[in-house]
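Text of the file model-v2.txt, holding compact mmCIF, C-alpha atoms and all ligand atoms:
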```
# COMPACT_ATOMS: atom_id res chain seq x y z
CA MET J 19 2.02 -23.21 -2.60
CA VAL J 20 -1.05 -21.14 -3.34
CA SER J 21 -3.31 -20.34 -0.44
CA GLN J 22 -5.90 -17.70 0.52
CA GLN J 23 -7.84 -18.13 -2.73
CA THR J 24 -10.91 -18.05 -0.57
CA GLY J 25 -12.13 -15.39 1.81
CA LEU J 26 -11.02 -14.55 5.32
CA THR J 27 -11.88 -16.79 8.24
CA ALA J 28 -14.06 -15.34 11.02
CA ALA J 29 -10.96 -14.97 13.22
CA GLN J 30 -9.06 -13.13 10.48
CA LYS J 31 -11.99 -10.81 9.92
CA ARG J 32 -12.21 -10.08 13.64
CA PHE J 33 -8.48 -9.33 13.81
CA TYR J 34 -8.71 -7.03 10.79
CA GLU J 35 -11.74 -5.17 12.13
CA GLU J 36 -10.15 -4.71 15.54
CA ASN J 37 -6.60 -3.84 14.49
CA GLY J 38 -7.00 -2.42 10.99
CA TYR J 39 -4.46 -4.78 9.45
CA LEU J 40 -3.91 -8.48 8.90
CA VAL J 41 -1.01 -10.62 7.67
CA LEU J 42 -1.88 -13.33 5.15
CA GLU J 43 0.99 -15.79 5.14
CA GLY J 44 2.38 -17.45 2.03
CA VAL J 45 -0.08 -16.03 -0.48
CA PHE J 46 2.62 -15.96 -3.16
CA GLY J 47 5.23 -18.67 -3.59
CA ALA J 48 8.99 -18.17 -3.16
CA ASP J 49 9.51 -18.85 -6.87
CA GLU J 50 6.97 -16.16 -7.83
CA CYS J 51 8.66 -13.63 -5.55
CA GLU J 52 12.12 -14.47 -6.88
CA ARG J 53 10.99 -14.07 -10.49
CA PHE J 54 9.34 -10.76 -9.67
CA VAL J 55 12.44 -9.44 -7.88
CA GLU J 56 14.60 -10.50 -10.82
CA HIS J 57 12.27 -8.65 -13.20
CA LEU J 58 12.43 -5.48 -11.09
CA GLU J 59 16.20 -5.70 -10.70
CA ASP J 60 16.60 -6.20 -14.46
CA LEU J 61 14.57 -3.04 -15.05
CA HIS J 62 16.50 -1.17 -12.37
CA THR J 63 19.90 -1.96 -13.85
CA GLY J 64 18.75 -1.53 -17.46
CA ARG J 65 19.36 -5.19 -18.35
CA LYS J 66 15.72 -5.19 -19.44
CA GLN J 67 13.93 -2.35 -21.23
CA LEU J 68 10.27 -1.51 -20.77
CA ASP J 69 8.49 1.49 -22.24
CA GLY J 70 7.27 3.78 -19.51
CA PHE J 71 9.59 2.43 -16.79
CA PHE J 72 10.85 5.09 -14.44
CA GLN J 73 12.00 5.17 -10.83
CA GLN J 74 11.53 7.91 -8.30
CA ASP J 75 13.90 8.61 -5.46
CA LYS J 76 11.10 9.34 -3.06
CA TYR J 77 10.85 7.43 0.19
CA GLY J 78 13.59 5.13 -1.06
CA SER J 79 13.80 4.02 -4.64
CA ARG J 80 10.35 3.18 -5.97
CA THR J 81 8.15 3.03 -9.04
CA PHE J 82 4.70 4.53 -9.30
CA ASN J 83 1.66 2.98 -11.02
CA GLN J 84 3.83 0.45 -12.80
CA HIS J 85 0.74 -1.67 -13.44
CA LEU J 86 -0.27 0.88 -16.10
CA TYR J 87 2.64 -0.09 -18.35
CA ASP J 88 3.92 -3.42 -17.00
CA PRO J 89 1.65 -6.49 -17.49
CA TYR J 90 3.69 -8.36 -14.88
CA VAL J 91 2.73 -5.89 -12.15
CA LEU J 92 -0.86 -5.71 -13.38
CA GLU J 93 -1.16 -9.49 -13.07
CA LEU J 94 -0.12 -9.38 -9.42
CA PHE J 95 -2.30 -6.34 -8.73
CA ILE J 96 -5.45 -8.24 -9.71
CA ASP J 97 -4.26 -11.72 -8.78
CA PRO J 98 -7.29 -13.88 -7.87
CA ARG J 99 -5.66 -14.80 -4.55
CA LEU J 100 -6.13 -11.20 -3.39
CA HIS J 101 -9.69 -10.87 -4.58
CA ARG J 102 -11.77 -12.55 -1.85
CA PRO J 103 -9.72 -11.26 1.10
CA LEU J 104 -10.05 -7.69 -0.20
CA ALA J 105 -13.77 -8.13 -0.92
CA ASP J 106 -14.25 -9.45 2.62
CA CYS J 107 -12.50 -6.42 4.13
CA PHE J 108 -14.49 -3.96 2.02
CA GLY J 109 -17.81 -5.80 1.98
CA ASP J 110 -17.80 -4.83 -1.70
CA GLU J 111 -15.95 -5.60 -4.91
CA PRO J 112 -12.44 -4.11 -4.85
CA GLU J 113 -11.09 -2.07 -7.74
CA GLY J 114 -7.34 -1.52 -8.07
CA VAL J 115 -6.33 2.12 -8.37
CA GLN J 116 -2.67 2.57 -7.48
CA THR J 117 0.59 0.62 -7.12
CA MET J 118 3.97 1.55 -5.71
CA HIS J 119 6.89 -0.81 -5.92
CA PHE J 120 9.51 -0.20 -3.25
CA TYR J 121 13.07 -1.37 -3.86
CA GLU J 122 14.00 -0.27 -0.33
CA GLY J 123 12.38 0.53 2.97
CA SER J 124 10.74 3.96 2.84
CA GLU J 125 11.09 5.37 6.37
CA HIS J 126 7.90 7.14 5.32
CA PRO J 127 6.55 9.21 8.26
CA PHE J 128 3.25 8.14 9.80
CA HIS J 129 0.28 8.80 7.52
CA GLN J 130 -3.16 7.51 6.57
CA ASP J 131 -3.64 6.44 2.96
CA GLN J 132 -7.21 7.77 2.87
CA TYR J 133 -5.81 11.28 3.19
CA TYR J 134 -4.52 10.79 -0.36
CA LEU J 135 -6.95 8.17 -1.72
CA PRO J 136 -10.35 8.42 0.00
CA ASP J 137 -12.04 5.07 0.81
CA CYS J 138 -8.93 3.01 -0.07
CA MET J 139 -7.31 -0.02 1.52
CA SER J 140 -4.03 -1.79 0.75
CA ALA J 141 -2.57 -5.16 -0.01
CA TRP J 142 1.16 -4.83 0.62
CA ILE J 143 3.02 -7.77 -0.92
CA ALA J 144 6.42 -8.64 0.55
CA MET J 145 8.68 -9.98 -2.19
CA VAL J 146 11.57 -10.62 0.21
CA LYS J 147 11.85 -11.20 3.95
CA VAL J 148 11.11 -7.90 5.68
CA ASP J 149 12.44 -7.26 9.16
CA GLU J 150 14.07 -4.49 11.21
CA ASN J 151 17.14 -4.55 8.96
CA ASN J 152 15.44 -3.44 5.75
CA GLY J 153 12.58 -1.35 7.14
CA PRO J 154 9.25 -3.05 7.79
CA LEU J 155 5.85 -1.42 7.83
CA VAL J 156 5.03 0.10 11.19
CA VAL J 157 1.37 0.42 12.16
CA GLN J 158 -0.64 1.82 15.05
CA PRO J 159 -3.16 -0.95 15.76
CA GLY J 160 -6.77 0.21 16.05
CA SER J 161 -6.03 3.72 14.75
CA HIS J 162 -8.39 3.08 11.79
CA ARG J 163 -11.27 3.29 14.30
CA ARG J 164 -10.17 6.73 15.50
CA GLN J 165 -9.86 10.01 13.65
CA LEU J 166 -9.07 10.18 9.95
CA ILE J 167 -7.21 13.37 9.07
CA THR J 168 -8.66 14.55 5.78
CA GLN J 169 -7.81 17.31 3.33
CA ASP J 170 -10.52 19.40 5.04
CA ASP J 171 -8.42 19.22 8.23
CA VAL J 172 -5.05 19.76 6.55
CA PRO J 173 -5.65 21.29 3.12
CA MET J 174 -3.54 20.07 0.27
CA THR J 175 -3.75 23.53 -1.30
CA LEU J 176 -0.26 24.98 -1.13
CA LEU J 177 0.46 28.19 0.73
CA PRO J 178 2.46 30.89 -1.07
CA GLY J 179 6.00 29.59 -1.60
CA GLU J 180 5.16 26.13 -0.28
CA THR J 181 6.00 22.91 -2.15
CA TYR J 182 4.11 19.63 -1.78
CA GLU J 183 7.05 18.25 0.22
CA LEU J 184 6.90 21.20 2.62
CA GLN J 185 3.14 20.86 2.98
CA GLN J 186 3.68 17.24 3.98
CA GLN J 187 6.65 17.89 6.28
CA ASN J 188 5.38 21.03 7.99
CA ARG J 189 1.64 20.52 8.13
CA TYR J 190 0.43 16.99 7.36
CA PHE J 191 2.98 14.74 9.10
CA PRO J 192 2.99 16.79 12.35
CA ALA J 193 -0.82 16.53 12.46
CA VAL J 194 -0.58 12.73 12.16
CA GLU J 195 2.19 12.59 14.80
CA GLN J 196 -0.12 14.47 17.15
CA LEU J 197 -2.91 12.00 16.41
CA VAL J 198 -0.56 9.08 17.13
CA ARG J 199 0.12 10.60 20.55
CA ASP J 200 -3.57 11.31 21.17
CA ASN J 201 -4.51 7.73 20.25
CA GLY J 202 -1.99 6.59 22.87
CA VAL J 203 -1.38 3.11 21.46
CA ASP J 204 2.10 1.69 20.82
CA ALA J 205 2.98 1.23 17.17
CA VAL J 206 4.17 -2.21 16.06
CA GLU J 207 6.56 -3.23 13.31
CA VAL J 208 5.12 -5.94 11.09
CA MET J 209 7.77 -8.51 10.16
CA VAL J 210 6.87 -10.73 7.23
CA ASN J 211 8.34 -13.30 4.87
CA ALA J 212 8.53 -13.27 1.09
CA GLY J 213 5.09 -14.04 -0.31
CA ASP J 214 3.17 -12.73 2.71
CA VAL J 215 0.60 -9.99 2.20
CA ILE J 216 -0.30 -7.30 4.72
CA LEU J 217 -3.86 -6.09 4.25
CA PHE J 218 -4.56 -2.76 5.87
CA ASP J 219 -7.33 -0.24 6.18
CA GLY J 220 -6.77 3.14 4.52
CA LYS J 221 -7.51 4.89 7.83
CA LEU J 222 -4.81 2.93 9.67
CA ILE J 223 -1.89 5.10 10.75
CA HIS J 224 1.24 3.50 9.34
CA GLY J 225 4.64 4.31 7.92
CA GLY J 226 7.99 2.82 7.04
CA ALA J 227 10.05 1.88 10.11
CA LYS J 228 13.66 2.90 10.60
CA ILE J 229 16.07 0.89 8.46
CA LEU J 230 18.85 -0.66 10.52
CA ARG J 231 20.93 -1.60 7.48
CA PRO J 232 20.61 1.18 4.94
CA GLY J 233 21.11 0.07 1.36
CA THR J 234 19.55 -3.36 1.96
CA ARG J 235 16.99 -4.32 -0.67
CA ARG J 236 13.36 -4.52 0.46
CA HIS J 237 11.23 -5.38 -2.52
CA ALA J 238 7.54 -4.84 -1.73
CA LEU J 239 4.61 -4.06 -3.98
CA ALA J 240 2.05 -1.78 -2.30
CA CYS J 241 -1.34 -2.17 -4.02
CA HIS J 242 -4.20 0.21 -3.32
CA TYR J 243 -7.88 -0.51 -3.92
CA ILE J 244 -11.20 1.27 -3.50
CA PRO J 245 -14.65 -0.29 -3.21
CA TYR J 246 -16.68 -0.56 -6.41
CA ARG J 247 -19.40 1.60 -4.88
CA SER J 248 -17.03 4.41 -3.90
CA GLU J 249 -17.97 7.72 -5.48
CA ASN J 250 -14.74 9.27 -4.21
CA TRP J 251 -12.62 9.14 -7.31
CA GLU J 252 -11.34 12.27 -8.97
CA ARG J 253 -8.22 11.07 -10.75
CA ASP J 254 -7.93 10.04 -14.35
CA TRP J 255 -6.30 6.68 -13.58
CA PRO J 256 -8.44 3.64 -14.33
CA ARG J 257 -10.23 1.72 -11.61
CA ILE J 258 -9.37 -1.88 -12.46
CA SER J 259 -11.61 -4.81 -11.53
CA PHE J 260 -10.33 -8.29 -10.82
CA ASP J 261 -11.73 -9.43 -14.17
CA GLY J 262 -9.42 -6.88 -15.84
CA SER J 263 -12.17 -4.45 -16.87
CA ARG J 264 -11.48 -0.76 -16.40
CA ARG J 265 -13.45 2.38 -15.82
CA VAL J 266 -12.23 5.85 -15.07
CA HIS J 267 -15.26 7.46 -13.53
CA TYR J 268 -17.80 6.36 -11.01
CA ILE J 269 -21.11 5.84 -12.76
CA PRO J 270 -24.11 5.40 -10.46
CA ASP J 271 -26.25 2.28 -11.17
O1 LIG Y 301 6.38 0.32 2.23
C1 LIG Y 301 6.56 1.26 2.99
O2 LIG Y 301 7.61 1.41 3.64
C2 LIG Y 301 5.50 2.30 3.16
C3 LIG Y 301 4.28 1.96 2.38
C4 LIG Y 301 3.19 2.92 2.58
O3 LIG Y 301 3.24 3.81 3.38
C5 LIG Y 301 1.98 2.73 1.81
O4 LIG Y 301 1.88 1.79 1.02
O5 LIG Y 301 1.06 3.56 1.99
```
As a first step, turn the structure in this file into structure tokens.
Ligand SMILES: O=C(O)CCC(=O)C(=O)O
Amino acid sequence: MVSQQTGLTAAQKRFYEENGYLVLEGVFGADECERFVEHLEDLHTGRKQLDGFFQQDKYGSRTFNQHLYDPYVLELFIDPRLHRPLADCFGDEPEGVQTMHFYEGSEHPFHQDQYYLPDCMSAWIAMVKVDENNGPLVVQPGSHRRQLITQDDVPMTLLPGETYELQQQNRYFPAVEQLVRDNGVDAVEVMVNAGDVILFDGKLIHGGAKILRPGTRRHALACHYIPYRSENWERDWPRISFDGSRRVHYIPD
């Protein structure tokens, strides 16, 4: 059953503004999720070939920006059912900029997506039931209204001999951990069903919770968007509108 084609209700908006995240239930149907999982598993095992397909073993097995070479992922990324909810959160037209498909829970340490992608927010689509067994998202409610750690605070520029992974492990993640403690609010794990979507603010502190049953599949497509008016875009990936049009650079009106 298709729902959430329209915008957020006043209560949903209030919850999102206060907590920095919101679960939209049943946005995608069970059949859609099953077909998508089958597609991803076929690619994973090599039963299906697709030019450009590659998987990274980074925070679990995942793909990066698959929408750039896989029409199936692109279709979900700019699915009309996500359009109004995202526009309501932004107060502006959303443009899709990045996708990550996770085959497994990530156990990704706490972070804020706007450290990497300024101005962004996410629609995280659960393709299977996600609970403590396969590693749900864990969020610190309200942290989007507190400090955002930026690259001015923790420079991305590598020190001599430092790799990106070490920069993250030794400098960025500890800074976020400190902020979690300073914010002093308990983090919550967000359990969802297949077809549910978690919308969350790019300033919200979140990560991948501990996986109780390692090796369990946890198919989820994390979609990242920025507002149309955002001038903060320095990458050469396209900004994709919900009508499918693309632009690479911000061009002032
Ligand atoms: O799916 C996860 O476990 C983590 C996702 C995440 O951190 C993100 O989408 O920014």
Quiz item: ligand LIG 301 (chain Y): which residues are within 7 Å, counting all atoms listed in the file, as a PyMOL selection string?
Solution: chain J and resi 120+123-126+131+140+142+153-155+224-227+238+240
Those same residues, written as a PDB file, in the coordinates of the input with C-alpha atoms?
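Printed below is part.pdb as written:
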```pdb
ATOM      1  CA  PHE J 120       9.510  -0.200  -3.250  1.00  0.00           C
ATOM      2  CA  GLY J 123      12.380   0.530   2.970  1.00  0.00           C
ATOM      3  CA  SER J 124      10.740   3.960   2.840  1.00  0.00           C
ATOM      4  CA  GLU J 125      11.090   5.370   6.370  1.00  0.00           C
ATOM      5  CA  HIS J 126       7.900   7.140   5.320  1.00  0.00           C
ATOM      6  CA  ASP J 131      -3.640   6.440   2.960  1.00  0.00           C
ATOM      7  CA  SER J 140      -4.030  -1.790   0.750  1.00  0.00           C
ATOM      8  CA  TRP J 142       1.160  -4.830   0.620  1.00  0.00           C
ATOM      9  CA  GLY J 153      12.580  -1.350   7.140  1.00  0.00           C
ATOM     10  CA  PRO J 154       9.250  -3.050   7.790  1.00  0.00           C
ATOM     11  CA  LEU J 155       5.850  -1.420   7.830  1.00  0.00           C
ATOM     12  CA  HIS J 224       1.240   3.500   9.340  1.00  0.00           C
ATOM     13  CA  GLY J 225       4.640   4.310   7.920  1.00  0.00           C
ATOM     14  CA  GLY J 226       7.990   2.820   7.040  1.00  0.00           C
ATOM     15  CA  ALA J 227      10.050   1.880  10.110  1.00  0.00           C
ATOM     16  CA  ALA J 238       7.540  -4.840  -1.730  1.00  0.00           C
ATOM     17  CA  ALA J 240       2.050  -1.780  -2.300  1.00  0.00           C
TER      18      ALA J 240
END
```
Can I get the residues of range 241-261 of chain J within 12 Å of range 84-87 of chain J, each with the closest pair of atoms and their distance in Å to one decimal, using all atoms listed in the file, sorted chain first then ascending number, as a tab-separated table?
```
residue	atom	partner	partner_atom	distance
J:Cys241	CA	J:His85	CA	9.7
J:His242	CA	J:His85	CA	11.4
J:Trp255	CA	J:Leu86	CA	8.7
J:Pro256	CA	J:Leu86	CA	8.8
J:Arg257	CA	J:Leu86	CA	11.0
J:Ile258	CA	J:His85	CA	10.2
```
I need the residues from that last selection saved to file as a PDB file, in the frame of the given file (with C-alpha atoms), if you can.
```
ATOM      1  CA  CYS J 241      -1.340  -2.170  -4.020  1.00  0.00           C
ATOM      2  CA  HIS J 242      -4.200   0.210  -3.320  1.00  0.00           C
ATOM      3  CA  TRP J 255      -6.300   6.680 -13.580  1.00  0.00           C
ATOM      4  CA  PRO J 256      -8.440   3.640 -14.330  1.00  0.00           C
ATOM      5  CA  ARG J 257     -10.230   1.720 -11.610  1.00  0.00           C
ATOM      6  CA  ILE J 258      -9.370  -1.880 -12.460  1.00  0.00           C
TER       7      ILE J 258
END
```
Exercise. Choose the residue, out of J:Leu58, J:Gly47, J:Tyr77, J:Asp204, that has the smallest atom-to-atom separation from Glu183 in chain J; count only C-alpha atoms.
Key: J:Tyr77
Practice problem: Give as a ChimeraX atom specification each residue that has an atom at most 12 Å from (11.2, -11.0, -7.8) in the file, counting all atoms listed in the file. | Solution: /J:46-61,90-91,94,119-121,143-147,212-213,235-239
Quiz item: What separation in Å, quoted to one decimal, exists between CA of Leu40 in chain J and CA of Arg164 in chain J?
Solution: 17.7 Å
Self-check item: Counting all atoms listed in the file, the residue of J:Pro173, J:Pro103, J:Gly202, J:Gly70 that sits nearest Phe218 in chain J
Solution: J:Pro103
Self-check item: Pairwise distance for CA of Gly64 in chain J and CA of Asp97 in chain J, rounded to one decimal in Å
Solution: 26.6 Å
Exercise. Would you mind reading off the distance between CA of Ser263 in chain J and CA of Glu113 in chain J, one decimal, in Å?
Key: 9.5 Å
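Near Arg163 in chain J, within 8 Å and counting all atoms listed in the file, sit Gly38, Gly160, Ser161, Gln165, Lys221 and Leu222 of chain J; same-chain residues fewer than 2 positions away were not included.
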File of the preceding selection, C-alpha atoms, as an mmCIF file, keeping the file's coordinate frame:
```cif
data_model
loop_
_atom_site.group_PDB
_atom_site.id
_atom_site.type_symbol
_atom_site.label_atom_id
_atom_site.label_comp_id
_atom_site.auth_asym_id
_atom_site.auth_seq_id
_atom_site.Cartn_x
_atom_site.Cartn_y
_atom_site.Cartn_z
ATOM 1 C CA GLY J 38 -7.000 -2.420 10.990
ATOM 2 C CA GLY J 160 -6.770 0.210 16.050
ATOM 3 C CA SER J 161 -6.030 3.720 14.750
ATOM 4 C CA GLN J 165 -9.860 10.010 13.650
ATOM 5 C CA LYS J 221 -7.510 4.890 7.830
ATOM 6 C CA LEU J 222 -4.810 2.930 9.670
#
```
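Distances from J:Leu26, J:Val215, J:Met174, J:Leu68 to Tyr133 in chain J were compared using all atoms listed in the file, and the smallest one belongs to J:Met174.
Take the candidates J:Gln185, J:Thr63, J:Ser248, J:Asn151 and check each one against His267 in chain J using only C-alpha atoms; the shortest distance goes to J:Ser248.
The residue that comes closest to Arg99 in chain J, out of J:Arg189, J:Leu230, J:Ala141, J:Pro245 and on the basis of only C-alpha atoms, is J:Ala141.
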